[in-house]
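work_22.txt (compact mmCIF, C-alpha atoms)
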# COMPACT_ATOMS: atom_id res chain seq x y z
CA MET A 1429 68.82 106.86 112.10
CA SER A 1430 70.96 105.78 109.14
CA LEU A 1431 72.88 108.47 107.31
CA TYR A 1432 73.86 108.88 103.69
CA VAL A 1433 77.46 110.14 103.52
CA TYR A 1434 78.68 112.32 100.64
CA GLY A 1435 82.22 113.12 101.59
CA ILE A 1436 84.74 114.22 104.20
CA THR A 1437 86.24 117.66 104.66
CA LYS A 1438 88.26 119.51 107.22
CA ALA A 1439 86.20 121.27 109.88
CA SER A 1440 87.69 124.54 108.61
CA HIS A 1441 85.92 124.12 105.26
CA PRO A 1442 83.30 126.88 104.66
CA LEU A 1443 80.57 124.20 104.32
CA ARG A 1444 78.07 126.44 102.61
CA LEU A 1445 75.21 123.96 102.60
CA GLU A 1446 72.27 126.13 103.57
CA GLY A 1447 69.15 124.83 101.85
CA ALA A 1448 70.97 121.92 100.18
CA LYS A 1449 68.89 118.76 99.84
CA GLY A 1450 70.21 115.22 99.72
CA VAL A 1451 69.42 112.11 97.71
CA GLY A 1452 66.12 110.26 97.73
CA ALA A 1453 62.50 110.70 96.69
CA ALA A 1454 61.85 112.87 99.78
CA PRO A 1455 65.27 114.50 100.27
CA THR A 1456 66.27 115.84 103.67
CA GLU A 1457 68.61 118.70 104.49
CA VAL A 1458 72.32 118.16 104.19
CA ARG A 1459 74.31 118.63 107.39
CA THR A 1460 77.60 117.65 108.99
CA VAL A 1461 78.87 115.23 111.59
CA ARG A 1462 82.03 116.55 113.22
CA SER A 1463 84.88 114.88 115.01
CA GLY A 1464 88.03 116.78 115.87
CA ASP A 1465 89.40 118.56 112.81
CA LEU A 1466 87.26 116.59 110.37
CA CYS A 1467 83.63 116.45 109.41
CA ALA A 1468 81.46 114.22 107.26
CA VAL A 1469 78.74 115.72 105.08
CA VAL A 1470 75.56 113.70 105.45
CA SER A 1471 71.80 113.63 105.10
CA GLU A 1472 69.18 111.24 106.36
CA ALA A 1473 69.37 108.07 104.28
CA PRO A 1474 66.28 107.40 102.16
CA GLY A 1475 64.27 104.28 102.92
CA GLN A 1476 64.98 102.92 99.46
CA LEU A 1477 68.07 104.07 97.62
CA GLY A 1478 67.95 103.31 93.92
CA VAL A 1479 70.51 104.25 91.32
CA SER A 1480 68.74 106.85 89.23
CA ARG A 1481 69.82 109.87 87.24
CA GLU A 1482 68.19 112.15 89.82
CA ALA A 1483 69.92 110.48 92.77
CA LEU A 1484 73.32 110.49 91.06
CA ALA A 1485 72.88 114.15 90.13
CA ALA A 1486 71.95 115.08 93.72
CA HIS A 1487 75.02 113.24 95.05
CA GLN A 1488 77.31 114.98 92.57
CA GLU A 1489 75.75 118.40 93.16
CA ILE A 1490 76.54 118.24 96.88
CA LEU A 1491 80.14 117.26 96.20
CA GLU A 1492 80.62 119.95 93.59
CA THR A 1493 79.18 122.54 95.97
CA LEU A 1494 81.70 121.48 98.60
CA TRP A 1495 84.57 121.28 96.14
CA ALA A 1496 83.91 124.81 94.87
CA ASP A 1497 84.86 126.13 98.33
CA GLY A 1498 87.65 123.76 99.32
CA THR A 1499 89.04 120.25 99.33
CA VAL A 1500 86.75 117.28 99.85
CA LEU A 1501 87.28 113.54 99.91
CA PRO A 1502 84.28 112.41 97.82
CA LEU A 1503 82.63 109.10 98.61
CA GLY A 1504 81.10 106.98 95.89
CA PHE A 1505 77.36 106.93 95.41
CA GLY A 1506 75.46 104.82 97.91
CA TYR A 1507 77.58 104.97 101.08
CA VAL A 1508 75.28 104.64 104.12
CA ALA A 1509 76.33 104.60 107.79
CA PRO A 1510 74.15 103.22 110.60
CA ASP A 1511 74.17 106.43 112.65
CA GLU A 1512 76.23 109.47 113.74
CA ASP A 1513 78.29 107.42 116.18
CA ALA A 1514 79.41 105.12 113.36
CA VAL A 1515 80.40 108.13 111.25
CA ARG A 1516 82.38 109.67 114.12
CA ALA A 1517 84.10 106.34 114.78
CA VAL A 1518 85.38 106.24 111.20
CA LEU A 1519 86.52 109.87 111.38
CA ASP A 1520 88.38 109.15 114.60
CA GLU A 1521 89.93 105.92 113.39
CA ARG A 1522 91.05 107.34 110.05
CA ALA A 1523 91.80 110.91 111.12
CA GLU A 1524 95.47 110.85 110.14
CA PRO A 1525 95.15 109.35 106.62
CA PHE A 1526 92.02 111.43 105.90
CA THR A 1527 93.83 114.62 106.88
CA GLN A 1528 96.91 113.67 104.89
CA ARG A 1529 94.88 112.93 101.78
CA LEU A 1530 92.93 116.17 102.09
CA ASP A 1531 96.24 118.04 102.20
CA GLU A 1532 97.53 116.11 99.16
CA LEU A 1533 94.41 116.87 97.12
CA ALA A 1534 94.27 120.57 97.95
CA GLY A 1535 94.32 122.58 94.73
CA ARG A 1536 93.77 119.48 92.59
CA VAL A 1537 90.98 118.55 90.19
CA GLU A 1538 90.09 115.48 88.18
CA PHE A 1539 89.43 115.04 84.47
CA ASN A 1540 87.85 111.91 83.01
CA VAL A 1541 88.86 111.04 79.47
CA LYS A 1542 87.12 108.43 77.31
CA GLY A 1543 87.79 107.62 73.68
CA VAL A 1544 85.20 106.06 71.39
CA GLN A 1545 85.82 104.76 67.88
CA ASP A 1546 82.97 104.10 65.46
CA GLU A 1547 83.11 100.41 64.55
CA ASP A 1548 81.98 100.77 60.93
CA THR A 1549 84.49 103.56 60.30
CA VAL A 1550 87.45 101.61 61.64
CA LEU A 1551 86.47 98.44 59.75
CA ARG A 1552 86.25 100.41 56.50
CA ALA A 1553 89.68 101.87 57.22
CA VAL A 1554 91.15 98.40 57.76
CA LEU A 1555 89.66 97.15 54.51
CA THR A 1556 90.99 100.21 52.69
CA ASP A 1557 94.53 99.78 54.03
CA SER A 1558 94.90 95.98 54.09
CA GLU A 1559 95.09 94.06 50.79
CA GLN A 1560 94.78 90.78 52.70
CA ALA A 1561 91.62 91.95 54.46
CA ARG A 1562 90.10 93.08 51.16
CA ALA A 1563 90.83 89.72 49.54
CA LEU A 1564 89.32 87.75 52.41
CA ASN A 1565 86.32 90.06 52.54
CA ALA A 1566 85.71 89.57 48.83
CA ALA A 1567 86.08 85.80 49.15
CA THR A 1568 83.58 85.54 52.00
CA ARG A 1569 81.05 88.07 50.74
CA ASP A 1570 77.47 86.76 50.43
CA GLY A 1571 78.31 83.60 52.35
CA GLY A 1572 81.14 82.54 50.08
CA GLY A 1573 84.58 81.25 51.00
CA THR A 1574 85.58 78.53 53.41
CA TYR A 1575 85.24 78.41 57.18
CA GLU A 1576 88.98 79.03 57.38
CA ASP A 1577 88.58 82.15 55.22
CA ARG A 1578 85.89 83.55 57.49
CA LEU A 1579 87.92 82.73 60.59
CA ALA A 1580 91.02 84.36 59.11
CA LEU A 1581 89.05 87.49 58.19
CA GLY A 1582 87.59 87.80 61.69
CA GLN A 1583 90.99 87.39 63.32
CA LEU A 1584 92.65 89.85 60.95
CA LEU A 1585 89.98 92.50 61.48
CA ALA A 1586 90.13 92.08 65.27
CA GLU A 1587 93.92 92.37 65.26
CA GLN A 1588 93.95 95.45 63.05
CA VAL A 1589 91.21 97.18 65.06
CA GLN A 1590 93.19 96.54 68.23
CA VAL A 1591 96.38 97.92 66.68
CA ARG A 1592 94.55 101.08 65.65
CA GLN A 1593 92.92 101.50 69.05
CA GLU A 1594 96.24 101.05 70.84
CA ALA A 1595 97.77 103.70 68.59
CA LEU A 1596 94.91 106.12 69.32
CA ALA A 1597 95.19 105.50 73.06
CA ALA A 1598 98.94 106.07 72.96
CA GLU A 1599 98.48 109.37 71.14
CA VAL A 1600 95.92 110.58 73.69
CA LEU A 1601 97.96 109.51 76.73
CA THR A 1602 101.21 110.91 75.34
CA ALA A 1603 99.56 114.31 74.88
CA LEU A 1604 97.83 114.48 78.27
CA ARG A 1605 100.24 112.81 80.68
CA PRO A 1606 102.76 115.68 80.87
CA LEU A 1607 100.07 117.89 82.46
CA ALA A 1608 98.96 115.33 85.07
CA LEU A 1609 100.19 114.62 88.57
CA ALA A 1610 98.65 111.12 88.62
CA GLU A 1611 96.42 108.91 86.53
CA LYS A 1612 94.07 105.96 86.87
CA LEU A 1613 93.91 103.96 83.65
CA SER A 1614 91.19 101.39 82.98
CA PRO A 1615 91.81 98.46 80.60
CA PRO A 1616 90.61 99.06 77.02
CA SER A 1617 87.15 97.69 76.29
CA GLN A 1618 84.79 97.22 73.37
CA GLN A 1619 83.23 100.53 74.32
CA TYR A 1620 86.31 102.69 74.94
CA PHE A 1621 89.77 102.50 73.38
CA VAL A 1622 90.98 104.69 76.25
CA SER A 1623 89.38 105.34 79.64
CA ALA A 1624 91.42 107.29 82.15
CA SER A 1625 91.17 109.71 85.05
CA PHE A 1626 93.83 112.36 85.55
CA LEU A 1627 94.70 114.39 88.64
CA ILE A 1628 95.51 117.94 87.57
CA PRO A 1629 96.61 121.06 89.47
CA ASP A 1630 93.93 123.76 89.47
CA ASP A 1631 96.13 126.11 87.49
CA ARG A 1632 96.59 123.54 84.69
CA ALA A 1633 92.90 122.75 84.19
CA GLU A 1634 92.45 125.10 81.24
CA ASP A 1635 95.66 123.87 79.62
CA PHE A 1636 94.56 120.26 80.06
CA ALA A 1637 91.18 120.93 78.46
CA ARG A 1638 92.84 122.79 75.58
CA VAL A 1639 95.33 119.98 74.92
CA GLY A 1640 92.47 117.48 75.09
CA ASP A 1641 90.54 119.44 72.48
CA ASP A 1642 93.65 119.70 70.30
CA VAL A 1643 94.36 115.97 70.33
CA ALA A 1644 90.67 115.19 69.75
CA GLY A 1645 90.84 117.22 66.56
CA ARG A 1646 93.77 115.13 65.30
CA LEU A 1647 92.26 111.68 65.80
CA GLY A 1648 90.39 111.48 62.53
CA ASP A 1649 86.93 110.53 61.34
CA GLY A 1650 84.83 108.22 63.47
CA VAL A 1651 86.82 108.93 66.64
CA GLU A 1652 85.41 110.87 69.58
CA LEU A 1653 87.36 111.95 72.66
CA ARG A 1654 85.19 112.87 75.63
CA LEU A 1655 86.68 115.07 78.37
CA ARG A 1656 84.73 115.62 81.56
CA GLY A 1657 86.02 118.05 84.14
CA PRO A 1658 87.21 119.75 86.16
CA LEU A 1659 85.62 117.56 88.83
CA PRO A 1660 86.23 116.74 92.48
CA PRO A 1661 89.00 114.13 92.57
CA TYR A 1662 86.71 111.09 92.92
CA SER A 1663 89.23 108.59 91.58
CA PHE A 1664 92.07 109.78 93.81
CA ALA A 1665 90.34 110.11 97.17
Show how you would write the structure in this file as structure tokens.
Amino acid sequence: MSLYVYGITKASHPLRLEGAKGVGAAPTEVRTVRSGDLCAVVSEAPGQLGVSREALAAHQEILETLWADGTVLPLGFGYVAPDEDAVRAVLDERAEPFTQRLDELAGRVEFNVKGVQDEDTVLRAVLTDSEQARALNAATRDGGGTYEDRLALGQLLAEQVQVRQEALAAEVLTALRPLALAEKLSPPSQQYFVSASFLIPDDRAEDFARVGDDVAGRLGDGVELRLRGPLPPYSFA
């Protein structure tokens, strides 16, 4: 029987899972597979495992239940093992690094931080601040201007938007990094000017959230900073 695996804990974890149900259209009870000083939290794997809001929520709920009582190494959504023997084999093979990482993550939480900038707002700001951009925009309005004018305007806008996004990201990271033990930073994208995960001591979680709220309030119109946490340390497991 294949098993869906949520995470790994020490066998000493309270493991308060009574009545907890796993992922899938017909969820089964959540239980553990033990080996030595470690255990894996599992349920029977559904016949078809699709990525849905309900399945993701069920996965996260199990991990947050575990995390509320102690340290857990969370697995990403969708990890399925062939059977209990395969789970035990991994626990045996990786016992030392799993135990070490559980010790390292004790008393730690994760925050996810994403920054979004409204495209129309930032373009208006560039046009307000840049005489060159205003001139090119006027020249190319209503299909006017040359191909070179339109190309120059596109390049200038892209460059100025990037400069502004880099400045916003630097402001966010400069404010939050002093409170973090570690970070995982994703490259900037069209969607997010900053996307990062931070590992934070439990006793700094409120301070981190407060600083995040403070810096969000300074970023200006059309900029949103989204903080999610405290969470189990998914990105650092």
Which residue is closest to Gln1583 in chain A? Choose from A:Gln1560, A:Ser1430, A:Gln1488, A:Ser1614 and count all atoms listed in the file. A:Gln1560
From the options A:Phe1539, A:Phe1505, A:Tyr1662, A:Tyr1575, which residue's atoms come nearest to Ser1625 in chain A, counting all atoms listed in the file?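 The closest residue to Ser1625 in chain A is A:Phe1539.
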I need the residue nearest Ala1633 in chain A from this list: A:Val1537, A:Arg1516, A:Gln1588, A:Pro1616. Use all atoms listed in the file for the distance.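 Of A:Val1537, A:Arg1516, A:Gln1588, A:Pro1616, the one nearest Ala1633 in chain A, counting all atoms listed in the file, is A:Val1537.
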Contact residues around Gly1464 in chain A with all atoms listed in the file at 8 Å, ignoring same-chain residues under 3 positions, as a ChimeraX atom specification: /A:1439,1467,1520
If you measure from CA of Arg1638 in chain A to CA of Leu1604 in chain A, what distance in Å do you get, rounded to one decimal?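 That distance, rounded to one decimal, is 10.1 Å.
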Identify which of the residues A:Glu1599, A:Asp1630, A:Asp1635, A:Glu1611 lies closest to Trp1495 in chain A, counting all atoms listed in the file when measuring atom-to-atom distances. A:Asp1630
Out of A:Val1651, A:Ala1603, A:Leu1627, A:Leu1551, which residue has the shortest atom-to-atom distance to Gly1535 in chain A when counting only C-alpha atoms? A:Leu1627
State, in Å with one decimal place, the distance from CA of Ala1514 in chain A to CA of Val1500 in chain A.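 The value is 19.6 Å.
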Excluding Ala1624 in chain A and its own-chain neighbours fewer than 6 positions away, which residues fall within 8 Å of it when counting all atoms listed in the file? Please give them as an mmCIF file with C-alpha atoms, in the frame of the given file.
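Saved result, around.cif, follows:
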data_model
loop_
_atom_site.group_PDB
_atom_site.id
_atom_site.type_symbol
_atom_site.label_atom_id
_atom_site.label_comp_id
_atom_site.auth_asym_id
_atom_site.auth_seq_id
_atom_site.Cartn_x
_atom_site.Cartn_y
_atom_site.Cartn_z
ATOM 1 C CA ASN A 1540 87.850 111.910 83.010
ATOM 2 C CA VAL A 1541 88.860 111.040 79.470
ATOM 3 C CA LYS A 1542 87.120 108.430 77.310
ATOM 4 C CA GLU A 1611 96.420 108.910 86.530
ATOM 5 C CA LYS A 1612 94.070 105.960 86.870
ATOM 6 C CA LEU A 1613 93.910 103.960 83.650
ATOM 7 C CA SER A 1614 91.190 101.390 82.980
#
Do you know which residues are at most 9 Å from range 1489-1493 of chain A counting only C-alpha atoms, after dropping those on the same chain fewer than 3 positions away, and could you put them as a PDB file with C-alpha atoms, in the coordinates of the input?
ATOM      1  CA  TYR A1434      78.680 112.320 100.640  1.00  0.00           C
ATOM      2  CA  GLY A1435      82.220 113.120 101.590  1.00  0.00           C
ATOM      3  CA  LEU A1443      80.570 124.200 104.320  1.00  0.00           C
ATOM      4  CA  ARG A1444      78.070 126.440 102.610  1.00  0.00           C
ATOM      5  CA  LEU A1445      75.210 123.960 102.600  1.00  0.00           C
ATOM      6  CA  ALA A1448      70.970 121.920 100.180  1.00  0.00           C
ATOM      7  CA  LYS A1449      68.890 118.760  99.840  1.00  0.00           C
ATOM      8  CA  GLY A1450      70.210 115.220  99.720  1.00  0.00           C
ATOM      9  CA  VAL A1458      72.320 118.160 104.190  1.00  0.00           C
ATOM     10  CA  VAL A1469      78.740 115.720 105.080  1.00  0.00           C
ATOM     11  CA  LEU A1484      73.320 110.490  91.060  1.00  0.00           C
ATOM     12  CA  ALA A1485      72.880 114.150  90.130  1.00  0.00           C
ATOM     13  CA  ALA A1486      71.950 115.080  93.720  1.00  0.00           C
ATOM     14  CA  ALA A1496      83.910 124.810  94.870  1.00  0.00           C
ATOM     15  CA  ASP A1497      84.860 126.130  98.330  1.00  0.00           C
ATOM     16  CA  VAL A1500      86.750 117.280  99.850  1.00  0.00           C
ATOM     17  CA  LEU A1501      87.280 113.540  99.910  1.00  0.00           C
ATOM     18  CA  PRO A1502      84.280 112.410  97.820  1.00  0.00           C
ATOM     19  CA  LEU A1503      82.630 109.100  98.610  1.00  0.00           C
ATOM     20  CA  LEU A1659      85.620 117.560  88.830  1.00  0.00           C
ATOM     21  CA  PRO A1660      86.230 116.740  92.480  1.00  0.00           C
TER      22      PRO A1660
END
Give me the residues near Glu1482 in chain A as a list in words, where near means some atom within 9 Å (using all atoms listed in the file) and where sequence neighbours in that chain fewer than 5 positions away do not count.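 Within the cut-off, the hits are Val1451, Gly1452 and His1487 of chain A.
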